[in-house]
$ cat target09.tsv   # TSV, C-alpha atoms
chain	number	residue	atom	x	y	z
A	1	MET	CA	-39.22	20.43	-9.79
A	2	ILE	CA	-42.26	18.87	-8.18
A	3	CYS	CA	-44.46	21.00	-10.44
A	4	SER	CA	-43.68	18.77	-13.39
A	5	VAL	CA	-45.01	15.68	-11.64
A	6	ASN	CA	-47.55	13.67	-13.58
A	7	PHE	CA	-49.86	12.63	-10.81
A	8	PRO	CA	-51.33	9.16	-11.22
A	9	SER	CA	-54.78	10.47	-10.36
A	10	ASP	CA	-56.62	13.77	-10.85
A	11	THR	CA	-58.08	13.39	-7.36
A	12	ILE	CA	-54.59	13.32	-5.87
A	13	GLU	CA	-53.47	16.24	-8.00
A	14	LYS	CA	-56.47	18.27	-6.86
A	15	ALA	CA	-55.84	17.41	-3.19
A	16	VAL	CA	-52.20	18.50	-3.50
A	17	GLU	CA	-53.28	21.72	-5.18
A	18	GLN	CA	-55.88	22.45	-2.49
A	19	LEU	CA	-53.64	21.60	0.48
A	20	SER	CA	-50.82	23.75	-0.86
A	21	ARG	CA	-53.14	26.76	-0.46
A	22	PHE	CA	-52.32	26.68	3.28
A	23	PRO	CA	-49.75	29.33	4.18
A	24	GLY	CA	-46.23	27.91	4.38
A	25	ILE	CA	-47.23	24.61	2.76
A	26	GLY	CA	-45.49	23.94	-0.55
A	27	LYS	CA	-46.29	21.30	-3.16
A	28	LYS	CA	-43.92	18.78	-1.62
A	29	THR	CA	-45.41	19.04	1.87
A	30	ALA	CA	-48.91	19.01	0.36
A	31	LEU	CA	-48.04	15.76	-1.42
A	32	ARG	CA	-46.83	14.24	1.85
A	33	MET	CA	-50.06	15.36	3.52
A	34	THR	CA	-52.09	13.86	0.66
A	35	LEU	CA	-50.32	10.52	0.91
A	36	PHE	CA	-50.93	10.57	4.66
A	37	LEU	CA	-54.66	11.10	4.08
A	38	LEU	CA	-54.76	8.30	1.48
A	39	LYS	CA	-53.46	5.89	4.11
A	40	GLU	CA	-55.69	7.17	6.90
A	41	GLN	CA	-58.97	5.65	7.98
A	42	LYS	CA	-61.95	7.31	6.29
A	43	GLU	CA	-63.44	8.32	9.67
A	44	ASN	CA	-60.28	10.23	10.56
A	45	VAL	CA	-60.23	12.08	7.26
A	46	ASP	CA	-63.92	12.92	7.71
A	47	ARG	CA	-63.18	14.25	11.19
A	48	MET	CA	-60.34	16.43	9.91
A	49	SER	CA	-62.34	17.90	7.05
A	50	GLN	CA	-65.36	18.43	9.32
A	51	ALA	CA	-63.20	20.38	11.79
A	52	MET	CA	-62.19	22.63	8.89
A	53	ILE	CA	-65.80	23.20	7.79
A	54	ASP	CA	-66.89	23.85	11.39
A	55	LEU	CA	-64.53	26.81	11.47
A	56	LYS	CA	-66.71	28.54	8.89
A	57	THR	CA	-70.09	27.45	10.26
A	58	LYS	CA	-69.72	27.30	14.04
A	59	VAL	CA	-67.24	30.01	14.97
A	60	ARG	CA	-68.92	33.27	15.97
A	61	TYR	CA	-67.54	36.65	16.93
A	62	CYS	CA	-68.06	38.19	20.37
A	63	SER	CA	-70.59	41.03	20.09
A	64	THR	CA	-68.64	43.03	22.69
A	65	CYS	CA	-64.98	42.73	21.71
A	66	GLY	CA	-64.94	40.97	18.34
A	67	ASN	CA	-62.91	37.98	19.56
A	68	VAL	CA	-63.71	34.57	18.11
A	69	SER	CA	-66.12	32.72	20.32
A	70	ASP	CA	-68.52	29.80	20.53
A	71	ALA	CA	-71.24	32.01	22.03
A	72	ASP	CA	-72.54	35.56	21.62
A	73	ILE	CA	-70.18	36.83	24.32
A	74	CYS	CA	-66.66	35.39	24.40
A	75	SER	CA	-65.19	33.63	27.44
A	76	ILE	CA	-62.95	36.60	28.25
A	77	CYS	CA	-65.72	39.21	28.18
A	78	SER	CA	-68.02	36.99	30.24
A	79	SER	CA	-65.41	36.13	32.88
A	80	VAL	CA	-65.88	37.75	36.31
A	81	ASN	CA	-62.13	37.59	36.86
A	82	ARG	CA	-61.28	40.05	34.09
A	83	ASN	CA	-61.00	43.78	34.69
A	84	LYS	CA	-63.56	45.38	32.35
A	85	LYS	CA	-62.07	48.85	32.97
A	86	LEU	CA	-58.85	47.87	31.19
A	87	ILE	CA	-59.10	47.31	27.44
A	88	CYS	CA	-56.26	46.08	25.23
A	89	VAL	CA	-56.71	47.21	21.62
A	90	VAL	CA	-55.49	44.69	19.05
A	91	LYS	CA	-55.62	44.40	15.30
A	92	ASP	CA	-56.75	40.81	15.08
A	93	PHE	CA	-58.13	38.03	17.28
A	94	GLN	CA	-54.92	36.04	16.86
A	95	ASP	CA	-53.10	38.78	18.78
A	96	ILE	CA	-55.41	37.91	21.69
A	97	ILE	CA	-54.15	34.32	21.62
A	98	SER	CA	-50.55	35.59	21.75
A	99	ILE	CA	-51.23	37.96	24.65
A	100	GLU	CA	-53.33	35.43	26.57
A	101	ASN	CA	-50.45	33.02	26.18
A	102	THR	CA	-48.24	35.34	28.26
A	103	GLY	CA	-50.66	35.22	31.20
A	104	GLN	CA	-49.72	38.85	31.98
A	105	PHE	CA	-52.93	40.65	31.06
A	106	SER	CA	-56.03	40.61	33.26
A	107	GLY	CA	-58.22	43.10	31.35
A	108	VAL	CA	-60.43	42.60	28.31
A	109	TYR	CA	-59.81	43.17	24.60
A	110	HIS	CA	-61.09	45.06	21.61
A	111	VAL	CA	-60.45	43.68	18.14
A	112	LEU	CA	-60.22	46.44	15.54
A	113	GLY	CA	-60.38	44.06	12.59
A	114	GLY	CA	-57.39	45.76	10.96
A	115	VAL	CA	-55.43	49.00	11.11
A	116	ILE	CA	-55.81	52.27	9.24
A	117	ALA	CA	-53.96	51.79	5.95
A	118	PRO	CA	-54.86	54.38	3.32
A	119	MET	CA	-52.60	52.66	0.78
A	120	ASP	CA	-54.77	49.53	1.06
A	121	GLY	CA	-57.97	51.57	1.11
A	122	ILE	CA	-58.67	50.83	4.80
A	123	GLY	CA	-60.03	53.84	6.64
A	124	PRO	CA	-61.33	54.32	10.22
A	125	ASP	CA	-64.89	53.44	9.15
A	126	ASP	CA	-63.79	49.98	8.03
A	127	LEU	CA	-62.68	49.16	11.57
A	128	THR	CA	-64.59	48.77	14.85
A	129	ILE	CA	-63.31	52.11	16.18
A	130	ASP	CA	-66.81	53.54	16.78
A	131	GLN	CA	-67.72	50.52	18.90
A	132	LEU	CA	-64.50	51.00	20.89
A	133	LEU	CA	-65.25	54.70	21.52
A	134	LEU	CA	-68.76	53.71	22.65
A	135	ARG	CA	-67.37	51.10	25.07
A	136	VAL	CA	-64.90	53.63	26.50
A	137	ARG	CA	-67.54	56.33	27.03
A	138	GLU	CA	-70.40	54.15	28.26
A	139	GLN	CA	-68.60	51.62	30.44
A	140	GLY	CA	-66.30	53.90	32.39
A	141	VAL	CA	-63.14	52.38	30.95
A	142	GLU	CA	-60.04	53.57	32.82
A	143	GLU	CA	-57.21	52.51	30.54
A	144	LEU	CA	-56.64	51.59	26.91
A	145	VAL	CA	-53.50	49.60	26.06
A	146	PHE	CA	-52.55	49.76	22.38
A	147	ALA	CA	-50.99	46.46	21.31
A	148	LEU	CA	-50.61	47.27	17.61
A	149	SER	CA	-47.73	46.60	15.26
A	150	ALA	CA	-44.82	49.03	15.48
A	151	ASN	CA	-45.18	50.44	11.98
A	152	MET	CA	-46.82	53.42	10.32
A	153	GLU	CA	-50.26	51.82	10.13
A	154	GLY	CA	-50.24	50.78	13.79
A	155	ASP	CA	-48.99	54.20	14.90
A	156	THR	CA	-51.57	56.00	12.74
A	157	THR	CA	-54.39	53.92	14.19
A	158	ALA	CA	-53.34	54.52	17.79
A	159	PHE	CA	-52.94	58.24	17.03
A	160	TYR	CA	-56.40	58.42	15.44
A	161	ILE	CA	-58.09	56.72	18.42
A	162	SER	CA	-56.20	58.82	20.96
A	163	ARG	CA	-57.28	62.01	19.15
A	164	LYS	CA	-60.91	60.88	19.28
A	165	LEU	CA	-60.61	60.36	23.05
A	166	GLU	CA	-58.67	63.56	23.76
A	167	ASP	CA	-61.60	64.99	25.72
A	168	SER	CA	-62.16	61.90	27.85
A	169	SER	CA	-60.30	61.02	31.02
A	170	VAL	CA	-59.27	57.54	29.83
A	171	LYS	CA	-55.59	56.74	30.34
A	172	MET	CA	-53.80	55.46	27.26
A	173	SER	CA	-50.65	53.35	26.99
A	174	ALA	CA	-48.84	51.22	24.42
A	175	ILE	CA	-46.97	47.98	24.92
A	176	SER	CA	-43.24	48.65	25.33
A	177	ARG	CA	-40.85	48.20	22.43
A	178	GLY	CA	-37.32	47.10	23.05
A	179	ILE	CA	-34.82	44.30	22.95
A	180	ALA	CA	-36.35	40.85	23.34
A	181	VAL	CA	-35.83	39.23	26.73
A	182	GLY	CA	-32.66	37.17	26.43
A	183	GLY	CA	-31.79	38.92	23.16
A	184	GLU	CA	-28.24	39.98	22.31
A	185	LEU	CA	-27.68	43.71	21.78
A	186	GLU	CA	-25.53	43.11	18.70
A	187	TYR	CA	-28.35	41.42	16.81
A	188	ALA	CA	-30.96	44.08	17.54
A	189	ASP	CA	-31.83	46.47	14.73
A	190	GLU	CA	-30.94	50.13	15.23
A	191	ILE	CA	-34.49	51.46	15.40
A	192	THR	CA	-35.50	48.99	18.11
A	193	LEU	CA	-32.32	49.62	20.06
A	194	GLY	CA	-32.76	53.37	19.70
A	195	ARG	CA	-36.32	53.22	20.91
A	196	SER	CA	-35.38	51.01	23.84
A	197	ILE	CA	-32.86	53.64	24.95
A	198	LEU	CA	-35.40	56.46	24.66
A	199	ASN	CA	-37.99	54.41	26.55
A	200	ARG	CA	-35.58	53.21	29.23
A	201	VAL	CA	-37.16	52.22	32.51
A	202	PRO	CA	-35.92	52.93	36.05
A	203	TYR	CA	-33.60	50.19	37.23
A	204	SER	CA	-33.76	48.83	40.73
A	205	LEU	CA	-32.29	45.84	42.43
A	206	ASN	CA	-35.77	44.37	42.68
A	207	THR	CA	-36.27	44.38	38.94
A	208	GLN	CA	-35.43	41.02	37.54
B	209	MET	CA	-45.62	26.87	25.27
B	210	ILE	CA	-48.36	26.71	22.70
B	211	CYS	CA	-49.79	23.67	24.51
B	212	SER	CA	-50.91	25.83	27.38
B	213	VAL	CA	-52.94	28.16	25.14
B	214	ASN	CA	-56.51	28.72	26.20
B	215	PHE	CA	-58.20	28.80	22.85
B	216	PRO	CA	-61.04	31.29	22.62
B	217	SER	CA	-63.26	28.69	20.98
B	218	ASP	CA	-63.61	24.91	21.21
B	219	THR	CA	-64.13	24.80	17.45
B	220	ILE	CA	-60.74	26.41	16.91
B	221	GLU	CA	-59.09	24.14	19.43
B	222	LYS	CA	-60.54	21.11	17.68
B	223	ALA	CA	-59.38	22.34	14.26
B	224	VAL	CA	-55.85	22.88	15.58
B	225	GLU	CA	-55.87	19.41	17.09
B	226	GLN	CA	-57.12	17.80	13.87
B	227	LEU	CA	-54.76	19.69	11.55
B	228	SER	CA	-51.76	18.86	13.71
B	229	ARG	CA	-52.39	15.19	12.88
B	230	PHE	CA	-50.74	15.81	9.48
B	231	PRO	CA	-47.14	14.56	9.44
B	232	GLY	CA	-44.65	17.34	10.08
B	233	ILE	CA	-47.34	19.80	11.18
B	234	GLY	CA	-46.98	20.93	14.80
B	235	LYS	CA	-49.45	22.85	16.95
B	236	LYS	CA	-48.01	26.19	15.94
B	237	THR	CA	-48.32	25.56	12.20
B	238	ALA	CA	-51.77	24.03	12.75
B	239	LEU	CA	-52.84	27.23	14.49
B	240	ARG	CA	-51.57	29.29	11.54
B	241	MET	CA	-53.49	27.01	9.17
B	242	THR	CA	-56.62	27.35	11.31
B	243	LEU	CA	-56.41	31.14	11.32
B	244	PHE	CA	-55.96	31.05	7.55
B	245	LEU	CA	-59.12	28.96	7.18
B	246	LEU	CA	-61.07	31.31	9.47
B	247	LYS	CA	-60.29	34.17	7.13
B	248	GLU	CA	-60.94	32.22	3.94
B	249	GLN	CA	-64.18	32.27	1.96
B	250	LYS	CA	-66.49	29.43	2.91
B	251	GLU	CA	-66.47	28.09	-0.69
B	252	ASN	CA	-62.70	27.75	-0.60
B	253	VAL	CA	-62.72	25.89	2.71
B	254	ASP	CA	-65.46	23.61	1.35
B	255	ARG	CA	-63.35	22.93	-1.72
B	256	MET	CA	-60.29	22.08	0.38
B	257	SER	CA	-62.16	19.72	2.69
B	258	GLN	CA	-63.96	18.11	-0.25
B	259	ALA	CA	-60.61	17.42	-1.94
B	260	MET	CA	-59.54	15.62	1.23
B	261	ILE	CA	-62.72	13.52	1.40
B	262	ASP	CA	-62.46	12.69	-2.33
B	263	LEU	CA	-59.13	11.02	-1.61
B	264	LYS	CA	-60.98	8.38	0.40
B	265	THR	CA	-64.01	8.03	-1.87
B	266	LYS	CA	-62.79	8.56	-5.43
B	267	VAL	CA	-59.25	7.20	-5.55
B	268	ARG	CA	-59.09	3.62	-6.84
B	269	TYR	CA	-56.21	1.21	-7.28
B	270	CYS	CA	-55.10	-0.17	-10.64
B	271	SER	CA	-56.14	-3.82	-10.94
B	272	THR	CA	-52.93	-4.62	-12.82
B	273	CYS	CA	-50.15	-2.89	-10.91
B	274	GLY	CA	-51.77	-1.51	-7.73
B	275	ASN	CA	-50.96	2.12	-8.50
B	276	VAL	CA	-53.48	4.76	-7.46
B	277	SER	CA	-55.76	5.58	-10.32
B	278	ASP	CA	-59.03	7.22	-11.30
B	279	ALA	CA	-60.04	4.19	-13.37
B	280	ASP	CA	-59.77	0.40	-13.19
B	281	ILE	CA	-56.46	0.45	-15.10
B	282	CYS	CA	-54.02	3.25	-14.29
B	283	SER	CA	-52.69	5.68	-16.89
B	284	ILE	CA	-49.28	4.01	-16.91
B	285	CYS	CA	-50.56	0.46	-17.48
B	286	SER	CA	-52.95	1.65	-20.21
B	287	SER	CA	-50.35	3.73	-22.05
B	288	VAL	CA	-49.15	2.35	-25.40
B	289	ASN	CA	-45.83	4.12	-24.90
B	290	ARG	CA	-44.80	2.04	-21.91
B	291	ASN	CA	-42.78	-1.15	-22.22
B	292	LYS	CA	-44.91	-3.86	-20.62
B	293	LYS	CA	-41.97	-6.30	-20.65
B	294	LEU	CA	-40.11	-4.20	-18.10
B	295	ILE	CA	-41.59	-4.09	-14.60
B	296	CYS	CA	-40.28	-1.93	-11.78
B	297	VAL	CA	-41.13	-3.41	-8.40
B	298	VAL	CA	-41.86	-0.81	-5.71
B	299	LYS	CA	-43.08	-0.90	-2.15
B	300	ASP	CA	-45.66	1.83	-2.40
B	301	PHE	CA	-47.45	3.93	-5.01
B	302	GLN	CA	-45.66	7.04	-3.80
B	303	ASP	CA	-42.41	5.51	-5.05
B	304	ILE	CA	-44.01	5.53	-8.51
B	305	ILE	CA	-44.51	9.28	-8.27
B	306	SER	CA	-40.83	9.68	-7.34
B	307	ILE	CA	-39.61	7.48	-10.21
B	308	GLU	CA	-41.98	9.00	-12.76
B	309	ASN	CA	-40.67	12.38	-11.72
B	310	THR	CA	-37.18	11.39	-12.93
B	311	GLY	CA	-38.46	10.66	-16.46
B	312	GLN	CA	-35.90	7.83	-16.70
B	313	PHE	CA	-38.16	4.81	-16.69
B	314	SER	CA	-40.25	3.70	-19.64
B	315	GLY	CA	-41.59	0.41	-18.30
B	316	VAL	CA	-44.52	-0.34	-16.04
B	317	TYR	CA	-44.73	-0.86	-12.28
B	318	HIS	CA	-45.80	-3.34	-9.67
B	319	VAL	CA	-46.78	-2.08	-6.23
B	320	LEU	CA	-46.09	-4.68	-3.54
B	321	GLY	CA	-48.05	-2.83	-0.88
B	322	GLY	CA	-45.17	-3.18	1.57
B	323	VAL	CA	-42.05	-5.24	2.11
B	324	ILE	CA	-41.43	-8.46	3.97
B	325	ALA	CA	-40.94	-7.46	7.60
B	326	PRO	CA	-41.26	-10.38	10.03
B	327	MET	CA	-40.75	-8.01	12.97
B	328	ASP	CA	-43.92	-6.16	11.96
B	329	GLY	CA	-45.75	-9.38	11.15
B	330	ILE	CA	-45.71	-8.74	7.38
B	331	GLY	CA	-45.05	-11.90	5.39
B	332	PRO	CA	-45.01	-12.61	1.62
B	333	ASP	CA	-48.72	-13.44	1.65
B	334	ASP	CA	-49.61	-9.94	2.85
B	335	LEU	CA	-48.06	-8.47	-0.29
B	336	THR	CA	-49.00	-8.69	-3.98
B	337	ILE	CA	-46.09	-11.05	-4.74
B	338	ASP	CA	-48.32	-13.77	-6.20
B	339	GLN	CA	-49.86	-11.32	-8.65
B	340	LEU	CA	-46.35	-10.21	-9.63
B	341	LEU	CA	-45.23	-13.79	-10.28
B	342	LEU	CA	-48.36	-14.32	-12.36
B	343	ARG	CA	-47.65	-11.20	-14.40
B	344	VAL	CA	-44.07	-12.31	-15.00
B	345	ARG	CA	-45.00	-15.81	-16.10
B	346	GLU	CA	-48.09	-15.01	-18.16
B	347	GLN	CA	-47.08	-11.81	-19.89
B	348	GLY	CA	-43.58	-12.71	-21.03
B	349	VAL	CA	-41.91	-10.11	-18.85
B	350	GLU	CA	-38.25	-9.70	-19.73
B	351	GLU	CA	-36.89	-7.73	-16.83
B	352	LEU	CA	-37.76	-6.94	-13.23
B	353	VAL	CA	-36.18	-3.87	-11.66
B	354	PHE	CA	-36.25	-3.88	-7.87
B	355	ALA	CA	-36.64	-0.30	-6.62
B	356	LEU	CA	-36.97	-1.09	-2.93
B	357	SER	CA	-35.48	0.72	0.02
B	358	ALA	CA	-31.87	-0.17	0.75
B	359	ASN	CA	-32.46	-1.87	4.07
B	360	MET	CA	-32.96	-5.38	5.39
B	361	GLU	CA	-36.68	-5.52	4.59
B	362	GLY	CA	-36.13	-4.34	1.01
B	363	ASP	CA	-33.29	-6.80	0.50
B	364	THR	CA	-35.28	-9.68	1.98
B	365	THR	CA	-38.22	-8.94	-0.31
B	366	ALA	CA	-36.07	-8.80	-3.45
B	367	PHE	CA	-34.32	-12.00	-2.36
B	368	TYR	CA	-37.64	-13.77	-1.80
B	369	ILE	CA	-39.01	-12.78	-5.21
B	370	SER	CA	-35.79	-13.69	-7.01
B	371	ARG	CA	-35.84	-17.15	-5.40
B	372	LYS	CA	-39.40	-17.66	-6.61
B	373	LEU	CA	-38.34	-16.79	-10.17
B	374	GLU	CA	-35.09	-18.77	-10.16
B	375	ASP	CA	-36.43	-21.18	-12.77
B	376	SER	CA	-37.72	-18.50	-15.12
B	377	SER	CA	-35.69	-16.65	-17.72
B	378	VAL	CA	-36.61	-13.20	-16.48
B	379	LYS	CA	-33.68	-10.85	-16.00
B	380	MET	CA	-33.51	-9.20	-12.61
B	381	SER	CA	-31.85	-5.96	-11.59
B	382	ALA	CA	-31.89	-3.54	-8.73
B	383	ILE	CA	-31.55	0.21	-8.80
B	384	SER	CA	-27.97	1.13	-8.04
B	385	ARG	CA	-27.05	2.10	-4.53
B	386	GLY	CA	-26.36	5.73	-5.16
B	387	ILE	CA	-28.92	6.28	-2.47
B	388	ALA	CA	-27.65	6.30	1.08
B	389	VAL	CA	-28.03	2.92	2.75
B	390	GLY	CA	-31.06	3.02	4.98
B	391	GLY	CA	-32.52	5.93	3.02
B	392	GLU	CA	-36.15	6.10	1.96
B	393	LEU	CA	-36.94	6.49	-1.74
B	394	GLU	CA	-39.27	9.43	-1.22
B	395	TYR	CA	-36.50	11.59	0.23
B	396	ALA	CA	-33.99	10.93	-2.56
B	397	ASP	CA	-33.31	13.74	-5.01
B	398	GLU	CA	-34.38	13.17	-8.61
B	399	ILE	CA	-30.92	13.09	-10.19
B	400	THR	CA	-29.63	10.43	-7.80
B	401	LEU	CA	-32.81	8.42	-8.14
B	402	GLY	CA	-32.83	8.80	-11.95
B	403	ARG	CA	-29.18	7.77	-12.24
B	404	SER	CA	-29.76	4.80	-9.99
B	405	ILE	CA	-32.40	3.57	-12.43
B	406	LEU	CA	-30.11	4.04	-15.45
B	407	ASN	CA	-27.25	2.30	-13.62
B	408	ARG	CA	-29.28	-0.59	-12.35
B	409	VAL	CA	-27.16	-3.67	-11.75
B	410	PRO	CA	-27.97	-7.31	-12.50
B	411	TYR	CA	-29.62	-8.96	-9.53
B	412	SER	CA	-28.45	-12.38	-8.49
B	413	LEU	CA	-28.61	-14.43	-5.34
B	414	ASN	CA	-24.96	-13.60	-4.66
B	415	THR	CA	-25.52	-9.86	-4.67
B	416	GLN	CA	-25.93	-8.61	-1.16

$ encode --input "target09.tsv" --output "structure tokens"
Amino acid sequence: MICSVNFPSDTIEKAVEQLSRFPGIGKKTALRMTLFLLKEQKENVDRMSQAMIDLKTKVRYCSTCGNVSDADICSICSSVNRNKKLICVVKDFQDIISIENTGQFSGVYHVLGGVIAPMDGIGPDDLTIDQLLLRVREQGVEELVFALSANMEGDTTAFYISRKLEDSSVKMSAISRGIAVGGELEYADEITLGRSILNRVPYSLNTQ
Amino acid sequence: MICSVNFPSDTIEKAVEQLSRFPGIGKKTALRMTLFLLKEQKENVDRMSQAMIDLKTKVRYCSTCGNVSDADICSICSSVNRNKKLICVVKDFQDIISIENTGQFSGVYHVLGGVIAPMDGIGPDDLTIDQLLLRVREQGVEELVFALSANMEGDTTAFYISRKLEDSSVKMSAISRGIAVGGELEYADEITLGRSILNRVPYSLNTQ
């Protein structure tokens, strides 16, 4: 419906078109955003657009783990409080934000930059797997935690890496799959529920 | 929860903060937008931010009606297909987009730039009422259609203008109240808004 709008100005039409490129932002929301900008002070609009441009010019990637960073080494890799012998393997740097948000992980990370997906033409050489193997072998890493998506691509990737490290003494684990905390059994899908039964954990009165 | 995130980069944190200034965009959506920009080509991000800046530098306002425009006179005022004797009075240029979208109005517009709201310190002199009265008297306008929000401020504004034009022969009407009382024009659906223009009712001092 909104597509048929005759915008009173090409500049506005272009802004709506550009803002609706954001994921989850439709034409109607983009129009509301555009009208908001039109009413804003110029300095504020400049600040917003500059923050967007800075993302492409200022953000760097940690040379150790591949996380986004303001410096050559990210704040996690350079922290003395993090256990460098424990590496969590993730697909993308945004997974790091999610895991950091839990406050439950004290090790460091390795960003693969994707997962092995032959259908999309992504093979092991397109990812940072070689750098990960080098870190494991050279830095005496004790444990790798795979925090990859529970699908064929994630499983394939974890399998590939574990095969490459078969001869090393590094311990490997994967984040547990199961019913969400507070989740109702009846709403869980069968595969998740099935896996959570197979991977059941010992129950004690001390477990909360 | 998201508020406690330790962002891996100040640049990202700043982008999230700036993008969440958009109306209806929370921290979580702003983070998704930021991650999208990080993965985008630099040219595309430049184009998006330029479109935002252009809104503040290129958009002009029609010298006749106050609508946003790329030129001195907007496309509606300069169109030969529009009835210049019929003026629809709106609060804001975004109301024009909504009404144009219905395809039910063939006249021209007048943007007041607000409504009389003594509580907010907005009086008749802060609006373009004088220009409207001038247009009515000098251009032989036959009908004014008030398309203002159905609340006290909208009613007061229509009342004020109608009093000023009591001595003239101009016909006055208001869009019909198919729209919920207290509702904003921009949230009305097109059919209701279109019908309310077709069913506009004569405006007199006795109409509440």

$ residues_around --input "target09.tsv" --residues "Leu31 (chain A)" --least-positions-apart "5" --cutoff "12 Å" --atoms "all atoms listed in the file" --output "VMD selection string"
(chain A and resid 2 to 3 5 7 11 to 20 25 to 26 36 to 38) or (chain B and resid 230 to 231 260 302 305 to 306 394)

$ residues_around --input "target09.tsv" --residues "region 149-154 of chain A" --least-positions-apart "6" --cutoff "8 Å" --atoms "only C-alpha atoms" --output "MDAnalysis selection string"
chainID A and resid 115:117

$ closest_residue --input "target09.tsv" --among "A:Asp167, A:Asp189, A:Glu100, A:Asp120" --to "chain B" --atoms "only C-alpha atoms"
A:Glu100

$ closest_residue --input "target09.tsv" --among "B:Arg408, B:Ile383, B:Tyr395, B:Gln339" --to "chain A" --atoms "only C-alpha atoms"
B:Tyr395

$ closest_residue --input "target09.tsv" --among "B:Ser314, B:Lys264, B:Pro332, B:Gly321" --to "Val288 (chain B)" --atoms "only C-alpha atoms"
B:Ser314

$ closest_residue --input "target09.tsv" --among "B:Glu346, B:Thr365, B:Arg371, B:Val353" --to "Ser384 (chain B)" --atoms "only C-alpha atoms"
B:Val353

$ atom_distance --input "target09.tsv" --atom1 "CA of Leu401 (chain B)" --atom2 "CA of Cys282 (chain B)"
22.7 Å

$ closest_residue --input "target09.tsv" --among "B:Asp278, B:Asn252, B:Thr265, B:Asp338" --to "chain A" --atoms "all atoms listed in the file"
B:Asp278

$ closest_residue --input "target09.tsv" --among "A:Cys62, A:Lys85, A:Leu127, A:Gly121" --to "Val108 (chain A)" --atoms "only C-alpha atoms"
A:Lys85

$ residues_around --input "target09.tsv" --residues "Ser78 (chain A)" --least-positions-apart "2" --cutoff "12 Å" --atoms "all atoms listed in the file" --output "list in words"
Cys62, Ser63, Thr64, Cys65, Asn67, Ser69, Ala71, Asp72, Ile73, Cys74, Ser75, Ile76, Val80, Asn81, Arg82, Asn83, Lys84, Gly107, Val108 and Tyr109 of chain A; Pro216 of chain B

$ atom_distance --input "target09.tsv" --atom1 "CA of Val297 (chain B)" --atom2 "CA of Ala259 (chain B)"
29.2 Å

$ atom_distance --input "target09.tsv" --atom1 "CA of Arg195 (chain A)" --atom2 "CA of Gly182 (chain A)"
17.4 Å

$ decode --input "target09.tsv" --residues "region 255-266 of chain B" --atoms "C-alpha atoms" --output "PDB file, in the first residue's frame"
ATOM      1  CA  ARG B 255      24.857   5.984   0.425  1.00  0.00           C
ATOM      2  CA  MET B 256      22.573   5.394   3.417  1.00  0.00           C
ATOM      3  CA  SER B 257      24.224   8.030   5.583  1.00  0.00           C
ATOM      4  CA  GLN B 258      24.311  10.501   2.685  1.00  0.00           C
ATOM      5  CA  ALA B 259      20.558  10.043   2.167  1.00  0.00           C
ATOM      6  CA  MET B 260      20.079  10.969   5.823  1.00  0.00           C
ATOM      7  CA  ILE B 261      22.268  14.082   5.567  1.00  0.00           C
ATOM      8  CA  ASP B 262      20.525  15.130   2.326  1.00  0.00           C
ATOM      9  CA  LEU B 263      17.276  15.342   4.274  1.00  0.00           C
ATOM     10  CA  LYS B 264      18.716  18.262   6.221  1.00  0.00           C
ATOM     11  CA  THR B 265      20.531  19.959   3.346  1.00  0.00           C
ATOM     12  CA  LYS B 266      18.437  19.378   0.221  1.00  0.00           C
TER      13      LYS B 266
END
